[in-house]
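Taking it in order: structure first as structure tokens, then the write-up.
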Amino acid sequence: MAGETESFFEKSLAPFYHGVASGDPTSRELVIWTRVTPEYEGEIELSWKIALDSLQKKIVQKGVIKTDHTRDYTVKQLVSGLQPGRYYWYSFAFNGKTSVVGRTKTLPENPDSIRLVVISCNAYEAGYFNAFQAIGDKKEKIDAVVHLGDYIYEGFSARFIELSDRIPLPKKELVTLLDYRTRYAQYRLDAQLRYAHQRHPFIHIWDDHEIANDAYQTGAQGHNPEEEGDFEERKKHARKAFYEWVAIKDQPALFRKVSFGELAELFLLDGRLEGRTEQMAPTERGFTSPERRLLGQRQSEWLIDGLTKTKATWKLIGNPVLFAEYNFSPVIPNIATRKADNWSGYPGERNEVLSSFSLNSIRNILFLSGDSHCSWAFEIPDPFHTTKPIAVEVGVPSISSGNWDSGNPLETVLRWEKELYAHPENQDLEYVNLRDHGYVEVVIFKDQVQCFWHYVNKDSHEYMDQVGKSCVIPQGANQIILK
Ligand SMILES: [Fe+2]
């Protein structure tokens, strides 16, 4: 039961080596999570409790829950009937041993402001999870950590292993259910990742690497059916392990909304398994066809309908891949294949979504986007009045996954950044950083949103958390004002 990752166990945490986590908070409920590693196979029953204080003297709810090998001994308990905007402390117990105590928080019901941490792309082999430690240490009241995907990486390639003490397990590309479970288990044994989960509730979506590189609904660039079998099977394993190991509410579809009252609504997208069709190069026939989708019909209708009807001032979109169009040729002269996986690789559906903002007079849309491993800010032009922006986009750097700092001299990367700004097709680009890692803190007020790009080095245990750039997005303007 301990499996291949046993050597990473911190004995004092037995049998809750993988810590605790919480997720999908609303103003009344949230999920609490743990994984127990029992000594013997079979169904086990553990107890949980949630309290108003860190010493867990003022217990508000408790119960028992069962788990077994069919869910890899993970446990998810949905706790309802909580008070809005409150901190809670929770823990689990089994066989006389208790887990660490996790802190979590319900969302406020109709707040004047909210503070989110937005992250993506934590490749274990590419660096230490210092950014997770920094997030765990944050003194400000964080309403939720929004993870935009690439929580694990399914590959096994010497090219991406930047630290010899962080070899991914199993030592192969993930295909079977056991493979995916083992990789999640290894990530969850990282003390810094555990710490961030112990301190804040997370809201997760996936991107491709929870499944296979450049995944779409019926296949993936990184899936070879001859060697790796049926893609549907692999997808089933990837999805099952994700729902087991991530503190997310069990639900039929990953795309969903989170309400912050009249202040904001967060639309979380599934850019992979819900309805994405295969990537295509812009030179191929049919590239612009409206049949080609990133979200799929059902999800894009849901998104447009939700954005049109919401009463919330700010419409946040938890977006797995960049929406803005930009010319990346200063960095990669032949860019066609790279852009194919972004929204710009699906111009039909992209245009449908973008046009709906203008046609339905939807204001204050902020895309929060993962995947690129770099930091970005864009003002996205209105397709009907190209001199006026209709939405803004903030791209979050990776926690640790490689970006352009890997293997390139700093001067070269700085020159690329300058050339990107200067490129005539990049007039919508307000900010780019191709070389730092970390997270974005987003503070939302009625009259403005403030974004702070925090940079945290990943290559040594010694680290600093520094704000590298910040911006203000005033209400009603669809504008990025850099600070
Ligand atoms: Fe990534």
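Chain identifiers are assigned as A, B, and so on, following the order in which chains appear in the structure tokens; residues are numbered from 1 within each chain, and ligands are numbered from 1 in order of appearance.
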
How close does chain A get to ligand 1? List, as JSON lines, each residue of chain A within 9 Å, its nearest atom pair and the distance in Å to one decimal, counting only C-alpha atoms and all ligand atoms.
```
{"residue": "A:Ser120", "atom": "CA", "partner": "ligand 1", "partner_atom_place_in_ligand_line": "1 (Fe)", "distance": 6.8}
{"residue": "A:Cys121", "atom": "CA", "partner": "ligand 1", "partner_atom_place_in_ligand_line": "1 (Fe)", "distance": 4.2}
{"residue": "A:Asn122", "atom": "CA", "partner": "ligand 1", "partner_atom_place_in_ligand_line": "1 (Fe)", "distance": 7.2}
{"residue": "A:Ala123", "atom": "CA", "partner": "ligand 1", "partner_atom_place_in_ligand_line": "1 (Fe)", "distance": 7.5}
{"residue": "A:Gly149", "atom": "CA", "partner": "ligand 1", "partner_atom_place_in_ligand_line": "1 (Fe)", "distance": 7.3}
{"residue": "A:Asp150", "atom": "CA", "partner": "ligand 1", "partner_atom_place_in_ligand_line": "1 (Fe)", "distance": 5.1}
{"residue": "A:Tyr151", "atom": "CA", "partner": "ligand 1", "partner_atom_place_in_ligand_line": "1 (Fe)", "distance": 8.3}
{"residue": "A:Ile152", "atom": "CA", "partner": "ligand 1", "partner_atom_place_in_ligand_line": "1 (Fe)", "distance": 8.8}
{"residue": "A:Tyr153", "atom": "CA", "partner": "ligand 1", "partner_atom_place_in_ligand_line": "1 (Fe)", "distance": 7.8}
{"residue": "A:Asp207", "atom": "CA", "partner": "ligand 1", "partner_atom_place_in_ligand_line": "1 (Fe)", "distance": 7.7}
{"residue": "A:Asp208", "atom": "CA", "partner": "ligand 1", "partner_atom_place_in_ligand_line": "1 (Fe)", "distance": 7.9}
{"residue": "A:His209", "atom": "CA", "partner": "ligand 1", "partner_atom_place_in_ligand_line": "1 (Fe)", "distance": 6.9}
{"residue": "A:Gly370", "atom": "CA", "partner": "ligand 1", "partner_atom_place_in_ligand_line": "1 (Fe)", "distance": 7.5}
{"residue": "A:Asp371", "atom": "CA", "partner": "ligand 1", "partner_atom_place_in_ligand_line": "1 (Fe)", "distance": 4.5}
{"residue": "A:Ser372", "atom": "CA", "partner": "ligand 1", "partner_atom_place_in_ligand_line": "1 (Fe)", "distance": 6.4}
{"residue": "A:His373", "atom": "CA", "partner": "ligand 1", "partner_atom_place_in_ligand_line": "1 (Fe)", "distance": 6.1}
{"residue": "A:Ser398", "atom": "CA", "partner": "ligand 1", "partner_atom_place_in_ligand_line": "1 (Fe)", "distance": 7.0}
{"residue": "A:Ser401", "atom": "CA", "partner": "ligand 1", "partner_atom_place_in_ligand_line": "1 (Fe)", "distance": 6.2}
{"residue": "A:Gly402", "atom": "CA", "partner": "ligand 1", "partner_atom_place_in_ligand_line": "1 (Fe)", "distance": 8.3}
```

Residue subset to file, keeping C-alpha atoms, as a JSON list (two decimals), in the first residue's frame:
```
[["chain", "number", "residue", "atom", "x", "y", "z"],
["A", 120, "SER", "CA", -0.32, 26.86, -12.65],
["A", 121, "CYS", "CA", 2.35, 24.45, -13.79],
["A", 122, "ASN", "CA", 4.27, 22.81, -10.97],
["A", 123, "ALA", "CA", 6.63, 20.30, -12.55],
["A", 149, "GLY", "CA", -3.77, 23.13, -14.27],
["A", 150, "ASP", "CA", -0.59, 21.15, -14.83],
["A", 151, "TYR", "CA", -0.72, 20.15, -11.18],
["A", 152, "ILE", "CA", 1.27, 17.07, -12.16],
["A", 153, "TYR", "CA", 3.30, 16.32, -15.28],
["A", 207, "ASP", "CA", -4.80, 21.36, -18.26],
["A", 208, "ASP", "CA", -3.13, 18.80, -20.52],
["A", 209, "HIS", "CA", -0.41, 17.37, -18.26],
["A", 370, "GLY", "CA", -2.16, 29.32, -17.16],
["A", 371, "ASP", "CA", -0.10, 26.97, -19.31],
["A", 372, "SER", "CA", 2.48, 29.34, -20.80],
["A", 373, "HIS", "CA", 4.90, 29.25, -17.82],
["A", 398, "SER", "CA", 4.75, 28.64, -13.63],
["A", 401, "SER", "CA", 7.94, 24.33, -14.89],
["A", 402, "GLY", "CA", 10.67, 25.44, -17.26]]
```

For segment 38-138 of chain A versus segment 443-466 of chain A, which residues have an atom no more than 10 Å away, and what is each residue's nearest atom pair and distance in Å rounded to one decimal, using only C-alpha atoms, chain-then-number order, as a tab-separated table?
```
residue	atom	partner	partner_atom	distance
A:Pro111	CA	A:Phe445	CA	8.9
A:Asp112	CA	A:Phe445	CA	6.2
A:Ser113	CA	A:Phe445	CA	4.7
A:Ile114	CA	A:Ile444	CA	5.3
A:Arg115	CA	A:Val443	CA	4.4
A:Leu116	CA	A:Val443	CA	6.4
A:Val117	CA	A:Val443	CA	8.8
A:Val118	CA	A:Trp453	CA	9.7
A:Ala126	CA	A:Lys458	CA	8.1
A:Gly127	CA	A:Lys458	CA	4.9
A:Tyr128	CA	A:Lys458	CA	4.9
A:Phe129	CA	A:Lys458	CA	6.5
A:Asn130	CA	A:Lys458	CA	6.0
A:Ala131	CA	A:Val456	CA	5.6
A:Phe132	CA	A:Val456	CA	9.4
A:Gln133	CA	A:Val456	CA	9.7
A:Ala134	CA	A:Asp465	CA	6.6
A:Ile135	CA	A:Asp465	CA	9.3
```

TODO: Excluding Phe323 of chain A and residues on its chain fewer than 3 positions from it, collect all residues at most 7 Å away from it, counting only C-alpha atoms, and give them as a PyMOL selection string.
DONE: chain A and resi 342-344

- [ ] Mind the document's chain letters and residue numbers, and return as a ChimeraX atom specification the residues of segment 87-299 of chain A that DSSP labels strand (DSSP E).
- [x] /A:87-94,97-98,102-105,113-119,144-147,201-204,215-216,219-220,256-260,264-268

- [ ] Determine, counting only C-alpha atoms, which protein, DNA and RNA residues have an atom within 9 Å of an atom of segment 386-389 of chain A; residues of the same chain fewer than 5 positions away are not included. Present the result as a ChimeraX atom specification.
- [x] /A:379-381,428,477-479

Let's have the selection written as a PDB file, in the first residue's frame, with C-alpha atoms.
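Result saved to part-v3.pdb:
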```
ATOM      1  CA  GLU A 379      -5.717  44.216 -23.501  1.00  0.00           C
ATOM      2  CA  ILE A 380      -7.870  42.184 -25.883  1.00  0.00           C
ATOM      3  CA  PRO A 381      -9.362  44.250 -28.720  1.00  0.00           C
ATOM      4  CA  ASP A 428      -2.135  44.447 -27.207  1.00  0.00           C
ATOM      5  CA  ALA A 477     -12.168  50.406 -18.957  1.00  0.00           C
ATOM      6  CA  ASN A 478     -10.812  46.978 -20.002  1.00  0.00           C
ATOM      7  CA  GLN A 479      -7.416  48.508 -19.485  1.00  0.00           C
TER       8      GLN A 479
END
```

Open item on the list: Neighbouring residues of Val353 of chain A were defined as those with any atom within 9 Å, considering only C-alpha atoms; residues of the same chain fewer than 3 positions away were excluded. Please report them as an MDAnalysis selection string.
Closed with: chainID A and resid 300:301 303:304 348:350 356:357

- [ ] Per DSSP on the backbone, filter segment 153-189 of chain A down to the residues in helix (DSSP H, G or I) and report them as a PyMOL selection string.
- [x] chain A and resi 158-160+177-188

- [ ] Name all residues at most 12 Å from Glu291 of chain A (count only C-alpha atoms; drop same-chain ones fewer than 4 positions away) and give them as a ChimeraX atom specification.
- [x] /A:275-278,286-287,295-297,346-350,352

Got a sec: who's within 10 Å of Trp416 of chain A, counting only C-alpha atoms, leaving out chain neighbours fewer than 2 positions off, as a short mmCIF file (atom, residue, chain, number, x, y, z; two decimals) with C-alpha atoms, in the first residue's frame?
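Contents of selection08.cif, as written:
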```cif
data_model
loop_
_atom_site.label_atom_id
_atom_site.label_comp_id
_atom_site.auth_asym_id
_atom_site.auth_seq_id
_atom_site.Cartn_x
_atom_site.Cartn_y
_atom_site.Cartn_z
CA PHE A 328 5.93 35.01 -30.75
CA SER A 329 8.30 34.93 -33.71
CA PRO A 330 11.07 36.94 -31.98
CA VAL A 331 11.51 33.92 -29.69
CA ILE A 332 10.52 31.05 -31.98
CA TRP A 404 12.83 30.65 -21.21
CA LEU A 410 19.62 36.32 -19.41
CA GLU A 411 20.59 38.95 -22.01
CA THR A 412 19.01 36.86 -24.75
CA VAL A 413 15.74 36.47 -22.86
CA LEU A 414 15.63 40.19 -22.05
CA LYS A 418 11.93 43.78 -25.85
CA GLU A 419 11.39 42.41 -29.32
CA LEU A 420 8.01 41.02 -28.32
CA TYR A 421 6.87 44.47 -27.12
CA ALA A 422 8.21 46.08 -30.28
CA VAL A 432 5.70 39.97 -20.57
CA ASN A 433 8.25 38.16 -18.44
CA LEU A 434 9.65 34.97 -19.95
#
```

Task: For Gln192 of chain A, the nearest of the candidates A:Tyr124, A:Phe255, A:Phe242, A:Tyr180, counting only C-alpha atoms - done: A:Tyr124
